[in-house]
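File shown here: entry-v2.cif, holding mmCIF, C-alpha atoms.
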data_protein
loop_
_atom_site.label_atom_id
_atom_site.label_comp_id
_atom_site.auth_asym_id
_atom_site.auth_seq_id
_atom_site.Cartn_x
_atom_site.Cartn_y
_atom_site.Cartn_z
CA MET C 1 69.54 229.90 -134.83
CA GLN C 2 70.77 228.18 -137.94
CA GLU C 3 68.73 228.23 -141.13
CA CYS C 4 66.14 225.48 -141.21
CA ARG C 5 63.52 224.03 -143.47
CA LEU C 6 61.44 220.88 -143.51
CA SER C 7 59.54 219.62 -146.49
CA ALA C 8 57.64 216.43 -147.14
CA SER C 9 56.40 215.54 -150.58
CA ASP C 10 53.88 212.87 -151.46
CA LEU C 11 54.61 210.81 -148.34
CA ALA C 12 52.97 207.43 -147.82
CA CYS C 13 53.33 205.08 -144.88
CA ARG C 14 52.57 201.40 -144.75
CA LYS C 15 52.34 199.28 -141.60
CA GLY C 16 52.23 195.58 -142.44
CA ASP C 17 49.56 195.26 -145.11
CA ARG C 18 47.79 198.50 -144.24
CA LEU C 19 48.43 201.74 -146.03
CA LEU C 20 48.03 204.34 -143.28
CA PHE C 21 48.17 207.51 -145.33
CA ALA C 22 49.30 208.60 -148.79
CA GLY C 23 49.90 211.75 -150.79
CA LEU C 24 50.88 213.85 -147.79
CA SER C 25 52.90 216.97 -148.59
CA PHE C 26 53.84 220.12 -146.72
CA VAL C 27 56.63 222.66 -146.55
CA LEU C 28 57.71 224.44 -143.38
CA ALA C 29 60.20 227.29 -143.28
CA GLY C 30 61.92 228.69 -140.20
CA GLY C 31 59.50 230.15 -137.65
CA GLU C 32 56.57 228.01 -138.76
CA ALA C 33 54.72 225.37 -136.78
CA LEU C 34 52.47 222.51 -137.74
CA GLN C 35 50.18 220.34 -135.66
CA LEU C 36 49.34 216.84 -136.85
CA THR C 37 45.99 215.70 -135.56
CA GLY C 38 44.02 212.53 -135.97
CA ALA C 39 42.58 209.58 -134.11
CA ASN C 40 44.73 206.93 -132.40
CA GLY C 41 46.43 204.60 -134.82
CA ILE C 42 46.08 206.90 -137.81
CA GLY C 43 49.84 207.17 -138.17
CA LYS C 44 50.91 210.33 -136.32
CA SER C 45 53.88 208.69 -134.62
CA SER C 46 54.84 206.80 -137.78
CA LEU C 47 54.84 210.10 -139.68
CA MET C 48 57.03 211.67 -136.99
CA ARG C 49 59.54 208.84 -137.29
CA ILE C 50 59.57 209.21 -141.07
CA LEU C 51 60.12 212.98 -140.75
CA ALA C 52 62.98 212.34 -138.32
CA GLY C 53 64.57 209.94 -140.80
CA LEU C 54 64.31 207.07 -138.33
CA ALA C 55 61.90 205.03 -140.44
CA PRO C 56 61.72 204.67 -144.21
CA ALA C 57 58.73 206.14 -146.02
CA TYR C 58 56.75 203.73 -148.18
CA ALA C 59 56.70 206.43 -150.86
CA GLY C 60 57.68 210.06 -151.12
CA THR C 61 60.61 212.03 -149.77
CA VAL C 62 61.47 214.14 -146.74
CA GLU C 63 64.02 216.89 -146.97
CA PHE C 64 65.27 218.89 -144.07
CA GLN C 65 67.89 221.44 -143.39
CA GLY C 66 69.20 221.85 -139.85
CA ALA C 67 69.51 219.40 -136.98
CA VAL C 68 66.41 217.57 -135.76
CA GLY C 69 65.46 217.16 -132.11
CA MET C 70 62.72 214.76 -131.12
CA VAL C 71 60.71 214.02 -128.00
CA ASP C 72 58.51 210.94 -127.98
CA GLU C 73 57.10 208.62 -125.35
CA ARG C 74 60.55 207.28 -124.48
CA PRO C 75 62.63 209.72 -122.43
CA ALA C 76 65.99 208.13 -123.45
CA LEU C 77 67.31 208.59 -119.92
CA ASP C 78 68.90 205.73 -118.00
CA PRO C 79 66.26 204.63 -115.48
CA HIS C 80 68.75 203.65 -112.78
CA GLN C 81 70.75 206.85 -112.84
CA PRO C 82 69.86 209.99 -110.92
CA LEU C 83 68.23 212.50 -113.25
CA GLY C 84 71.23 214.84 -113.08
CA GLU C 85 73.64 212.16 -114.28
CA ALA C 86 71.28 210.87 -116.95
CA LEU C 87 70.94 214.39 -118.38
CA GLU C 88 74.66 214.99 -117.99
CA PHE C 89 75.31 212.18 -120.47
CA TRP C 90 73.36 214.10 -123.12
CA GLN C 91 75.01 217.38 -122.10
CA ARG C 92 78.38 215.79 -122.80
CA LEU C 93 77.16 215.14 -126.35
CA ASP C 94 75.16 218.34 -126.87
CA GLY C 95 76.83 220.95 -124.67
CA PRO C 96 75.81 222.34 -121.27
CA ALA C 97 72.21 223.38 -120.58
CA ASP C 98 71.69 223.99 -116.89
CA ALA C 99 69.19 226.81 -117.34
CA ALA C 100 66.70 224.38 -118.88
CA LEU C 101 66.40 222.40 -115.63
CA ALA C 102 65.24 225.36 -113.57
CA ARG C 103 62.93 226.55 -116.31
CA LEU C 104 61.23 223.15 -116.51
CA GLY C 105 60.86 222.88 -112.75
CA ILE C 106 63.01 219.78 -112.35
CA ALA C 107 66.13 221.35 -110.83
CA GLY C 108 65.13 219.89 -107.46
CA LEU C 109 64.97 216.35 -108.84
CA ILE C 110 68.54 215.88 -110.03
CA ASP C 111 69.33 213.38 -107.26
CA VAL C 112 66.23 211.25 -107.87
CA PRO C 113 66.71 208.11 -110.00
CA VAL C 114 64.85 208.44 -113.30
CA ARG C 115 62.75 205.33 -112.61
CA TYR C 116 61.11 207.04 -109.61
CA LEU C 117 59.99 210.05 -111.65
CA SER C 118 56.38 210.44 -112.72
CA THR C 119 55.33 210.45 -116.38
CA GLY C 120 55.07 214.23 -116.36
CA GLN C 121 58.45 214.68 -114.68
CA LYS C 122 60.07 212.38 -117.26
CA LYS C 123 58.45 214.41 -120.01
CA ARG C 124 59.88 217.59 -118.50
CA ALA C 125 63.30 215.92 -118.36
CA ALA C 126 63.02 214.88 -122.00
CA LEU C 127 62.19 218.51 -122.86
CA ALA C 128 65.30 219.61 -120.96
CA ARG C 129 67.29 217.23 -123.15
CA LEU C 130 65.64 218.75 -126.23
CA LEU C 131 66.46 222.31 -125.14
CA GLY C 132 70.08 221.32 -124.54
CA GLN C 133 70.33 219.90 -128.04
CA GLU C 134 69.63 223.33 -129.58
CA ALA C 135 68.28 221.77 -132.76
CA PRO C 136 66.34 224.15 -135.04
CA VAL C 137 63.75 221.51 -136.05
CA TRP C 138 61.60 220.17 -133.21
CA LEU C 139 59.49 217.06 -133.62
CA LEU C 140 57.27 216.67 -130.57
CA ASP C 141 55.25 213.47 -130.44
CA GLU C 142 52.43 213.85 -127.89
CA PRO C 143 54.41 216.42 -125.87
CA LEU C 144 51.51 217.13 -123.51
CA ASN C 145 50.94 213.56 -122.28
CA GLY C 146 51.22 213.33 -118.52
CA LEU C 147 51.81 217.04 -118.02
CA ASP C 148 49.79 219.13 -115.60
CA LYS C 149 48.21 222.48 -116.58
CA ARG C 150 51.34 224.47 -115.81
CA GLY C 151 53.42 221.97 -117.72
CA VAL C 152 51.16 222.30 -120.76
CA ALA C 153 51.42 226.09 -120.62
CA LEU C 154 55.18 225.80 -120.30
CA VAL C 155 55.52 223.55 -123.37
CA GLU C 156 53.31 225.92 -125.39
CA GLU C 157 55.49 228.81 -124.27
CA LEU C 158 58.70 226.97 -125.18
CA ALA C 159 57.35 226.08 -128.62
CA ALA C 160 56.27 229.68 -129.23
CA GLU C 161 59.71 230.97 -128.24
CA HIS C 162 61.36 228.39 -130.45
CA CYS C 163 59.32 229.51 -133.46
CA ARG C 164 59.91 233.20 -132.72
CA ALA C 165 63.64 232.45 -132.74
CA GLY C 166 63.29 231.03 -136.24
CA GLY C 167 62.88 227.34 -135.45
CA ILE C 168 60.40 224.82 -136.79
CA CYS C 169 57.94 222.94 -134.60
CA VAL C 170 56.00 219.88 -135.68
CA ILE C 171 53.63 218.69 -132.98
CA ALA C 172 51.71 215.44 -133.14
CA SER C 173 48.91 215.55 -130.63
CA HIS C 174 45.21 214.90 -130.41
CA GLN C 175 44.99 217.55 -127.69
CA THR C 176 44.64 221.25 -128.37
CA PHE C 177 47.99 222.95 -128.49
CA ALA C 178 47.88 226.72 -128.33
CA LEU C 179 50.52 228.21 -130.59
CA PRO C 180 49.89 231.41 -132.54
CA GLY C 181 50.04 231.00 -136.31
CA MET C 182 50.25 227.23 -136.20
CA GLN C 183 49.07 225.31 -139.27
CA MET C 184 46.91 222.25 -138.80
CA LEU C 185 47.12 219.00 -140.70
CA GLU C 186 44.39 216.42 -140.20
CA LEU C 187 45.79 213.01 -141.09
CA ARG C 188 42.32 211.63 -141.77
CA ASP C 189 42.27 213.72 -144.97
CA PHE C 190 45.16 211.66 -146.29
CA ALA C 191 44.05 208.25 -145.02
CA ALA C 192 44.21 205.67 -147.75
CA MET O 1 81.32 212.49 -134.14
CA SER O 2 84.58 211.30 -132.60
CA SER O 3 83.78 213.62 -129.70
CA ALA O 4 80.97 211.19 -128.89
CA PHE O 5 83.45 208.37 -128.28
CA PHE O 6 84.43 209.20 -124.72
CA PRO O 7 80.96 210.10 -123.40
CA LEU O 8 79.67 206.82 -124.87
CA LEU O 9 82.55 204.79 -123.44
CA ARG O 10 82.13 206.39 -120.05
CA ARG O 11 78.42 205.57 -119.98
CA ASP O 12 78.95 202.00 -121.21
CA LEU O 13 81.67 201.32 -118.66
CA GLY O 14 79.55 202.80 -115.89
CA GLN O 15 76.81 200.36 -116.79
CA LEU O 16 78.79 197.24 -117.63
CA LEU O 17 81.66 197.30 -115.16
CA ALA O 18 81.50 196.10 -111.57
CA GLY O 19 78.91 198.04 -109.59
CA GLY O 20 77.25 199.07 -112.85
CA ARG O 21 73.51 198.81 -113.18
CA ARG O 22 73.49 196.08 -115.76
CA GLY O 23 74.72 193.33 -113.48
CA GLY O 24 78.37 194.29 -113.45
CA ALA O 25 81.45 192.27 -114.20
CA LEU O 26 81.19 190.22 -111.02
CA LEU O 27 78.51 187.80 -112.18
CA PRO O 28 80.38 186.29 -115.17
CA VAL O 29 83.53 185.97 -113.05
CA LEU O 30 81.72 184.19 -110.22
CA PHE O 31 80.00 181.93 -112.74
CA PHE O 32 83.36 181.17 -114.33
CA LEU O 33 84.90 180.28 -110.95
CA ALA O 34 81.87 178.17 -110.01
CA VAL O 35 82.27 176.07 -113.17
CA ALA O 36 86.00 175.69 -112.56
CA MET O 37 85.25 174.62 -109.00
CA LEU O 38 82.55 172.12 -109.97
CA PHE O 39 84.74 170.35 -112.49
CA PRO O 40 87.15 168.65 -110.03
CA PHE O 41 84.15 167.50 -107.99
CA ALA O 42 82.62 165.88 -111.04
CA VAL O 43 85.80 164.33 -112.47
CA GLY O 44 87.37 163.26 -109.20
CA PRO O 45 90.73 164.06 -107.63
CA ASP O 46 92.83 162.39 -110.34
CA GLY O 47 95.64 164.92 -110.79
CA PRO O 48 96.92 164.00 -114.27
CA VAL O 49 93.39 163.85 -115.76
CA LEU O 50 92.54 167.24 -114.26
CA ALA O 51 95.77 168.79 -115.46
CA ARG O 52 95.28 167.43 -118.97
CA THR O 53 91.68 168.63 -119.33
CA GLY O 54 91.81 171.70 -117.08
CA GLY O 55 92.84 174.18 -119.77
CA GLY O 56 89.92 173.13 -121.96
CA VAL O 57 87.53 173.48 -119.03
CA ILE O 58 88.74 177.02 -118.41
CA TRP O 59 88.05 177.83 -122.06
CA VAL O 60 84.53 176.39 -121.99
CA ALA O 61 83.80 178.21 -118.73
CA ALA O 62 85.05 181.48 -120.24
CA LEU O 63 82.81 181.01 -123.27
CA LEU O 64 79.74 180.35 -121.13
CA ALA O 65 80.54 183.30 -118.85
CA ALA O 66 80.73 185.60 -121.89
CA VAL O 67 77.19 184.58 -122.87
CA LEU O 68 75.68 185.72 -119.54
CA PRO O 69 75.37 189.49 -120.13
CA LEU O 70 74.10 189.20 -123.74
CA ASP O 71 70.53 190.38 -123.14
CA ARG O 72 71.74 193.54 -121.42
CA LEU O 73 74.10 194.67 -124.17
CA ILE O 74 71.78 196.23 -126.78
CA GLU O 75 68.13 195.70 -125.97
CA PRO O 76 67.74 198.11 -123.00
CA ASP O 77 69.08 200.99 -125.10
CA LEU O 78 66.71 200.17 -127.95
CA GLU O 79 63.76 200.18 -125.56
CA LEU O 80 64.83 203.47 -124.01
CA GLY O 81 65.05 205.12 -127.43
CA MET O 82 68.75 205.87 -126.99
CA PHE O 83 69.64 204.63 -130.46
CA ASP O 84 67.02 206.95 -132.02
CA GLN O 85 68.39 209.94 -130.15
CA TRP O 86 71.95 209.06 -131.19
CA ALA O 87 70.85 208.72 -134.80
CA LEU O 88 69.27 212.20 -134.68
CA ARG O 89 72.60 213.59 -133.52
CA GLY O 90 74.45 211.91 -136.38
CA ILE O 91 76.12 209.36 -134.10
CA SER O 92 76.21 206.19 -136.16
CA GLU O 93 75.16 202.79 -134.86
CA GLU O 94 78.58 201.54 -135.92
CA LEU O 95 80.34 203.92 -133.55
CA VAL O 96 78.00 203.05 -130.67
CA VAL O 97 78.51 199.34 -131.28
CA SER O 98 82.31 199.64 -131.52
CA VAL O 99 82.37 201.43 -128.20
CA ARG O 100 80.11 198.79 -126.70
CA VAL O 101 82.37 195.95 -127.89
CA LEU O 102 85.28 197.67 -126.17
CA ALA O 103 83.31 198.24 -122.96
CA HIS O 104 81.92 194.69 -122.99
CA TRP O 105 85.41 193.25 -123.42
CA LEU O 106 86.81 195.42 -120.62
CA SER O 107 83.99 194.23 -118.36
CA PHE O 108 84.62 190.51 -118.81
CA GLY O 109 87.95 189.87 -120.61
CA PRO O 110 90.51 191.13 -118.09
CA PRO O 111 88.41 189.97 -115.07
CA LEU O 112 88.23 186.45 -116.56
CA MET O 113 91.97 186.44 -117.18
CA LEU O 114 92.49 187.33 -113.54
CA ALA O 115 90.00 184.70 -112.41
CA ALA O 116 91.82 182.12 -114.53
CA LEU O 117 94.65 182.27 -111.96
CA PRO O 118 92.66 180.77 -109.06
CA ALA O 119 90.79 178.56 -111.54
CA SER O 120 94.06 177.10 -112.78
CA ALA O 121 94.93 176.16 -109.20
CA LEU O 122 91.54 174.46 -108.80
CA VAL O 123 92.08 172.26 -111.84
CA GLY O 124 95.77 171.82 -111.10
CA ILE O 125 97.40 172.94 -114.35
CA ASP O 126 101.08 173.91 -114.39
CA GLY O 127 102.66 177.28 -115.03
CA ALA O 128 103.50 176.75 -118.72
CA THR O 129 99.94 175.64 -119.52
CA LEU O 130 98.56 178.56 -117.54
CA ARG O 131 100.66 180.92 -119.65
CA THR O 132 99.22 179.40 -122.84
CA VAL O 133 95.69 179.67 -121.42
CA GLU O 134 96.18 183.32 -120.48
CA LEU O 135 97.65 184.25 -123.85
CA GLY O 136 94.87 182.36 -125.57
CA LEU O 137 92.23 184.19 -123.52
CA LEU O 138 93.90 187.51 -124.32
CA ALA O 139 93.68 186.67 -128.03
CA GLY O 140 90.22 185.11 -127.91
CA THR O 141 88.09 187.19 -125.52
CA PRO O 142 87.97 190.29 -127.81
CA GLY O 143 86.45 188.04 -130.46
CA LEU O 144 83.96 186.69 -127.92
CA ALA O 145 83.02 190.27 -127.00
CA ALA O 146 82.49 191.23 -130.66
CA LEU O 147 80.44 188.09 -131.25
CA GLY O 148 78.36 188.77 -128.14
CA VAL O 149 77.51 192.33 -129.17
CA MET O 150 76.72 191.23 -132.73
CA VAL O 151 74.35 188.49 -131.58
CA ALA O 152 72.81 190.79 -128.96
CA ALA O 153 71.99 193.31 -131.72
CA LEU O 154 70.52 190.60 -133.93
CA THR O 155 68.30 189.14 -131.22
CA ALA O 156 67.29 192.45 -129.55
CA GLY O 157 63.53 192.79 -129.48
CA LEU O 158 62.86 189.12 -130.19
CA ARG O 159 60.86 187.10 -127.74
CA GLY O 160 63.21 184.76 -125.88
CA GLY O 161 66.10 186.77 -127.32
CA ALA O 162 68.37 185.99 -124.38
CA ALA O 163 68.16 182.21 -124.76
CA LEU O 164 68.35 182.48 -128.53
CA GLY O 165 71.42 184.70 -128.19
CA GLY O 166 73.23 182.07 -126.16
CA LEU O 167 72.35 179.39 -128.70
CA LEU O 168 73.65 181.55 -131.55
CA VAL O 169 76.91 182.53 -129.88
CA ILE O 170 78.01 179.01 -129.05
CA PRO O 171 78.32 177.62 -132.60
CA PHE O 172 79.99 180.82 -133.84
CA ALA O 173 82.47 180.62 -130.98
CA VAL O 174 83.62 177.13 -132.02
CA PRO O 175 86.56 178.42 -134.12
CA LEU O 176 87.80 180.46 -131.15
CA LEU O 177 87.46 177.44 -128.89
CA VAL O 178 89.11 175.03 -131.34
CA PHE O 179 92.17 177.22 -131.85
CA GLY O 180 92.29 178.65 -128.31
CA ALA O 181 91.95 175.35 -126.47
CA GLY O 182 93.83 173.60 -129.29
CA SER O 183 96.91 175.70 -128.56
CA LEU O 184 97.07 173.86 -125.23
CA ALA O 185 97.49 170.47 -126.90
CA THR O 186 100.19 171.60 -129.32
CA GLY O 187 101.73 174.00 -126.82
CA GLY O 188 102.66 176.21 -129.76
CA GLU O 189 102.01 179.79 -130.63
CA ALA O 190 100.27 178.85 -133.89
CA GLY O 191 97.00 178.14 -132.08
CA ILE O 192 97.11 181.48 -130.27
CA ALA O 193 97.88 183.28 -133.52
CA LEU O 194 94.90 181.64 -135.20
CA THR O 195 92.69 182.53 -132.21
CA GLY O 196 93.83 186.11 -132.62
CA ALA O 197 93.06 185.97 -136.34
CA VAL O 198 89.49 184.74 -135.69
CA SER O 199 89.10 187.50 -133.09
CA LEU O 200 90.22 190.15 -135.56
CA VAL O 201 87.75 188.94 -138.19
CA LEU O 202 84.92 189.08 -135.64
CA LEU O 203 86.03 192.52 -134.41
CA ALA O 204 86.08 193.84 -137.98
CA MET O 205 82.63 192.47 -138.73
CA ALA O 206 80.85 193.36 -135.50
CA PRO O 207 80.23 197.12 -135.93
CA PHE O 208 78.78 196.73 -139.42
CA ALA O 209 76.73 193.59 -138.77
CA ALA O 210 75.34 194.91 -135.47
CA GLY O 211 74.76 198.41 -136.88
CA ALA O 212 72.81 196.97 -139.81
CA ALA O 213 70.79 194.76 -137.47
CA ILE O 214 69.83 197.74 -135.29
CA ARG O 215 68.81 199.84 -138.31
CA ALA O 216 66.81 196.98 -139.82
CA GLY O 217 65.01 196.44 -136.52
CA ARG O 218 64.02 200.08 -136.32
CA GLY O 219 61.70 199.91 -139.37
#

Transcribe the structure of this file into structure tokens.
Amino acid sequence: MQECRLSASDLACRKGDRLLFAGLSFVLAGGEALQLTGANGIGKSSLMRILAGLAPAYAGTVEFQGAVGMVDERPALDPHQPLGEALEFWQRLDGPADAALARLGIAGLIDVPVRYLSTGQKKRAALARLLGQEAPVWLLDEPLNGLDKRGVALVEELAAEHCRAGGICVIASHQTFALPGMQMLELRDFAA
Amino acid sequence: MSSAFFPLLRRDLGQLLAGGRRGGALLPVLFFLAVAMLFPFAVGPDGPVLARTGGGVIWVAALLAAVLPLDRLIEPDLELGMFDQWALRGISEELVVSVRVLAHWLSFGPPLMLAALPASALVGIDGATLRTVELGLLAGTPGLAALGVMVAALTAGLRGGAALGGLLVIPFAVPLLVFGAGSLATGGEAGIALTGAVSLVLLAMAPFAAGAAIRAGRG
């Protein structure tokens, strides 16, 4: 896996008139994981979007080395297409990744249109897209939502493997996420 | 990055062309033919009047038909999070938008030019005028496609974006209409050349304007 690093220094985020958090800093090197915790609306998803470079930070800087892969509440799969074709579009951009389908237990669903899939199945499909991307930095926003027990265990296993291989995992979730050696960051401590 | 061009084009065409999931190319064409068919009913069977105004009617019908798919051009992909995933892979909004302009044009430009053949028979215009109309449409529809994608990007995510999009496109399309339909009155190539010039300006602007609009909306 390519060399990776993610550092945030003195980040602040503002939504409308409200300052959500300020003075947030951390550094992650390859193989490290971080869980962002905090109540609803505290700014976990906003922080994820800032880390991904999709939204501007109100203050502070984010630096990363290595490609970033992100899974959030939107699966980014065409709802009218069968799952296989929807994932194939991403495979054409990222390279083939057929092993991921079987691993995530969705190999039997490739003929089912994405709009008929359950929340958990869509989440599994989004994770298949993430695996295919082979990005060293993973940003997982509420990755456990809608997943059953086996799904949760599977995501924890995937994240652990990813870190062992030298990747970075940032997980935003209010649920417990079992990952050995993971650092915790409580957003309430930085609330402005 | 250029390797993303063909996958993107393939997806866009699959969605925008006939049989695609975003309404297909059939709807604008049928709408276009319906307008061309209504016109003789409204004006009456006076041959010379129809022949004199028919070319202009075809142009107006083409403009209105191009407005139809506006709300399906950008907004669904924003909602699905596709643009975010492309951005993470270093695929710029400008590239995505350029591909979409091409796919949008392919889905309504050539079909409208084909449909102009039966439409010309309905309004009774002669062969020479039909040739001017077709050349004008060839020069003007790429500009309409660029304008459509640009406005779709600007209005994506707004409430009532679809209606607003139509209202925005129409005034901006006036130059295309003036030169395109104007070439019928003068019968010369100057009008078609000017239509082409307006189209090129719109095509050059569209990727940057629409790309900026999508990034600004992301916030």

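Taking atom CA of O:Met150 and atom CA of C:Ser45 as the two end points, the separation is 28.8 Å.
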
For the interface of chain C with chain O (cut-off 9 Å, counting all atoms listed in the file), please tabulate each contacting residue of chain C alongside its nearest pair of atoms and their separation in Å to one decimal, rows sorted by chain and increasing number, as JSON lines.
{"residue": "C:Ala52", "atom": "CA", "partner": "O:Leu88", "partner_atom": "CA", "distance": 7.3}
{"residue": "C:Gly53", "atom": "CA", "partner": "O:Leu88", "partner_atom": "CA", "distance": 8.0}
{"residue": "C:Leu54", "atom": "CA", "partner": "O:Asp84", "partner_atom": "CA", "distance": 6.9}
{"residue": "C:Ala55", "atom": "CA", "partner": "O:Gly219", "partner_atom": "CA", "distance": 5.2}
{"residue": "C:Pro56", "atom": "CA", "partner": "O:Gly219", "partner_atom": "CA", "distance": 6.8}
{"residue": "C:Ala67", "atom": "CA", "partner": "O:Arg89", "partner_atom": "CA", "distance": 7.4}
{"residue": "C:Val68", "atom": "CA", "partner": "O:Leu88", "partner_atom": "CA", "distance": 6.2}
{"residue": "C:Gly69", "atom": "CA", "partner": "O:Leu88", "partner_atom": "CA", "distance": 6.8}
{"residue": "C:Met70", "atom": "CA", "partner": "O:Gln85", "partner_atom": "CA", "distance": 7.5}
{"residue": "C:Val71", "atom": "CA", "partner": "O:Gln85", "partner_atom": "CA", "distance": 9.0}
{"residue": "C:Asp72", "atom": "CA", "partner": "O:Gly81", "partner_atom": "CA", "distance": 8.8}
{"residue": "C:Glu73", "atom": "CA", "partner": "O:Gly81", "partner_atom": "CA", "distance": 8.9}
{"residue": "C:Arg74", "atom": "CA", "partner": "O:Leu80", "partner_atom": "CA", "distance": 5.7}
{"residue": "C:Pro75", "atom": "CA", "partner": "O:Leu80", "partner_atom": "CA", "distance": 6.8}
{"residue": "C:Ala76", "atom": "CA", "partner": "O:Leu80", "partner_atom": "CA", "distance": 4.8}
{"residue": "C:Leu77", "atom": "CA", "partner": "O:Leu80", "partner_atom": "CA", "distance": 7.0}
{"residue": "C:Asp78", "atom": "CA", "partner": "O:Leu80", "partner_atom": "CA", "distance": 7.6}
{"residue": "C:Pro79", "atom": "CA", "partner": "O:Leu80", "partner_atom": "CA", "distance": 8.7}
{"residue": "C:His80", "atom": "CA", "partner": "O:Arg21", "partner_atom": "CA", "distance": 6.8}
{"residue": "C:Gln81", "atom": "CA", "partner": "O:Arg21", "partner_atom": "CA", "distance": 8.5}
{"residue": "C:Phe89", "atom": "CA", "partner": "O:Pro7", "partner_atom": "CA", "distance": 6.7}
{"residue": "C:Trp90", "atom": "CA", "partner": "O:Pro7", "partner_atom": "CA", "distance": 8.6}
{"residue": "C:Arg92", "atom": "CA", "partner": "O:Pro7", "partner_atom": "CA", "distance": 6.3}
{"residue": "C:Leu93", "atom": "CA", "partner": "O:Ala4", "partner_atom": "CA", "distance": 6.0}
{"residue": "C:Asp94", "atom": "CA", "partner": "O:Arg89", "partner_atom": "CA", "distance": 8.6}
{"residue": "C:Gln133", "atom": "CA", "partner": "O:Arg89", "partner_atom": "CA", "distance": 8.7}

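Note that the spacing between atom CA of C:Glu3 and atom CA of C:Thr61 amounts to 20.1 Å.
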
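Applied to this file, the PyMOL selection byres ((chain C and resi 38) around 8) selects C:Leu36, C:Thr37, C:Ala39, C:Asn40, C:Ile42, C:Lys44, C:Ser173, C:His174, C:Glu186, C:Leu187, C:Arg188.
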
Tell me which protein, DNA and RNA residues are within 12 Å of O:Val149, counting all atoms listed in the file, leaving out same-chain ones fewer than 5 positions away, and put them as a PyMOL selection string. chain O and resi 66-75+94+96-105+142-144+154-156+165-166+168-169+202-203+205-211+213-214

Would you kindly translate the PyMOL selection byres ((chain C and resi 58) around 8) into the concrete residues it picks from this file, as a PyMOL selection string? chain C and resi 11-14+56-57+59-60

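What separates atom CA of C:Pro96 from atom CA of C:Trp138 is a distance of 18.7 Å.
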
Applying 8 Å and only C-alpha atoms, which residues near C:Pro143 remain after dropping the ones on its own chain fewer than 2 positions away? List them as JSON, numbers by chain. {"C": [71, 72, 123, 140, 141, 145, 155, 171, 172, 173]}

Keeping only C-alpha atoms, write those residues as a PDB file, in the coordinates of the input.
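Result saved to result.pdb:
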ATOM      1  CA  VAL C  71      60.710 214.020-128.000  1.00  0.00           C
ATOM      2  CA  ASP C  72      58.510 210.940-127.980  1.00  0.00           C
ATOM      3  CA  LYS C 123      58.450 214.410-120.010  1.00  0.00           C
ATOM      4  CA  LEU C 140      57.270 216.670-130.570  1.00  0.00           C
ATOM      5  CA  ASP C 141      55.250 213.470-130.440  1.00  0.00           C
ATOM      6  CA  ASN C 145      50.940 213.560-122.280  1.00  0.00           C
ATOM      7  CA  VAL C 155      55.520 223.550-123.370  1.00  0.00           C
ATOM      8  CA  ILE C 171      53.630 218.690-132.980  1.00  0.00           C
ATOM      9  CA  ALA C 172      51.710 215.440-133.140  1.00  0.00           C
ATOM     10  CA  SER C 173      48.910 215.550-130.630  1.00  0.00           C
TER      11      SER C 173
END

What lies within 12 Å of C:Leu101 using all atoms listed in the file, ignoring chain neighbours under 4 positions off, as an mmCIF file with C-alpha atoms, in the coordinates of the input?
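As a result, around.cif now contains:
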data_model
loop_
_atom_site.group_PDB
_atom_site.id
_atom_site.type_symbol
_atom_site.label_atom_id
_atom_site.label_comp_id
_atom_site.auth_asym_id
_atom_site.auth_seq_id
_atom_site.Cartn_x
_atom_site.Cartn_y
_atom_site.Cartn_z
ATOM 1 C CA LEU C 83 68.230 212.500 -113.250
ATOM 2 C CA GLY C 84 71.230 214.840 -113.080
ATOM 3 C CA LEU C 87 70.940 214.390 -118.380
ATOM 4 C CA GLU C 88 74.660 214.990 -117.990
ATOM 5 C CA GLN C 91 75.010 217.380 -122.100
ATOM 6 C CA PRO C 96 75.810 222.340 -121.270
ATOM 7 C CA ALA C 97 72.210 223.380 -120.580
ATOM 8 C CA GLY C 105 60.860 222.880 -112.750
ATOM 9 C CA ILE C 106 63.010 219.780 -112.350
ATOM 10 C CA ALA C 107 66.130 221.350 -110.830
ATOM 11 C CA GLY C 108 65.130 219.890 -107.460
ATOM 12 C CA LEU C 109 64.970 216.350 -108.840
ATOM 13 C CA ILE C 110 68.540 215.880 -110.030
ATOM 14 C CA GLN C 121 58.450 214.680 -114.680
ATOM 15 C CA LYS C 122 60.070 212.380 -117.260
ATOM 16 C CA ARG C 124 59.880 217.590 -118.500
ATOM 17 C CA ALA C 125 63.300 215.920 -118.360
ATOM 18 C CA ALA C 126 63.020 214.880 -122.000
ATOM 19 C CA LEU C 127 62.190 218.510 -122.860
ATOM 20 C CA ALA C 128 65.300 219.610 -120.960
ATOM 21 C CA ARG C 129 67.290 217.230 -123.150
ATOM 22 C CA LEU C 130 65.640 218.750 -126.230
ATOM 23 C CA LEU C 131 66.460 222.310 -125.140
ATOM 24 C CA GLY C 132 70.080 221.320 -124.540
#

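Minimum atom-to-atom distance to C:Ala165, evaluated using all atoms listed in the file, belongs to C:Val137 out of C:Val137, C:Ala8, C:Val112, C:Ala86.
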
Taking all atoms of stretch 32-46 of chain C that the file lists and extending 8 Å past them on each side, where is the centre of the axis-aligned box and how long are its edges? Answer in Å to one decimal, as AutoDock Vina command-line options.
--center_x 49.6 --center_y 216.3 --center_z -135.6 --size_x 30.0 --size_y 39.4 --size_z 22.4

Suppose a student applies the PyMOL selection byres ((chain C and resi 167) around 9) to this structure; what residues should they get, written as JSON, numbers by chain? {"C": [1, 2, 3, 4, 5, 29, 30, 31, 32, 33, 135, 136, 137, 138, 159, 161, 162, 163, 164, 165, 166, 168, 169]}

With all atoms listed in the file counted, which protein, DNA or RNA residues have an atom no more than 10 Å from (95.8, 167.2, -110.1) in the file frame? Please answer as a PyMOL selection string. chain O and resi 40+44-52+54+121-126
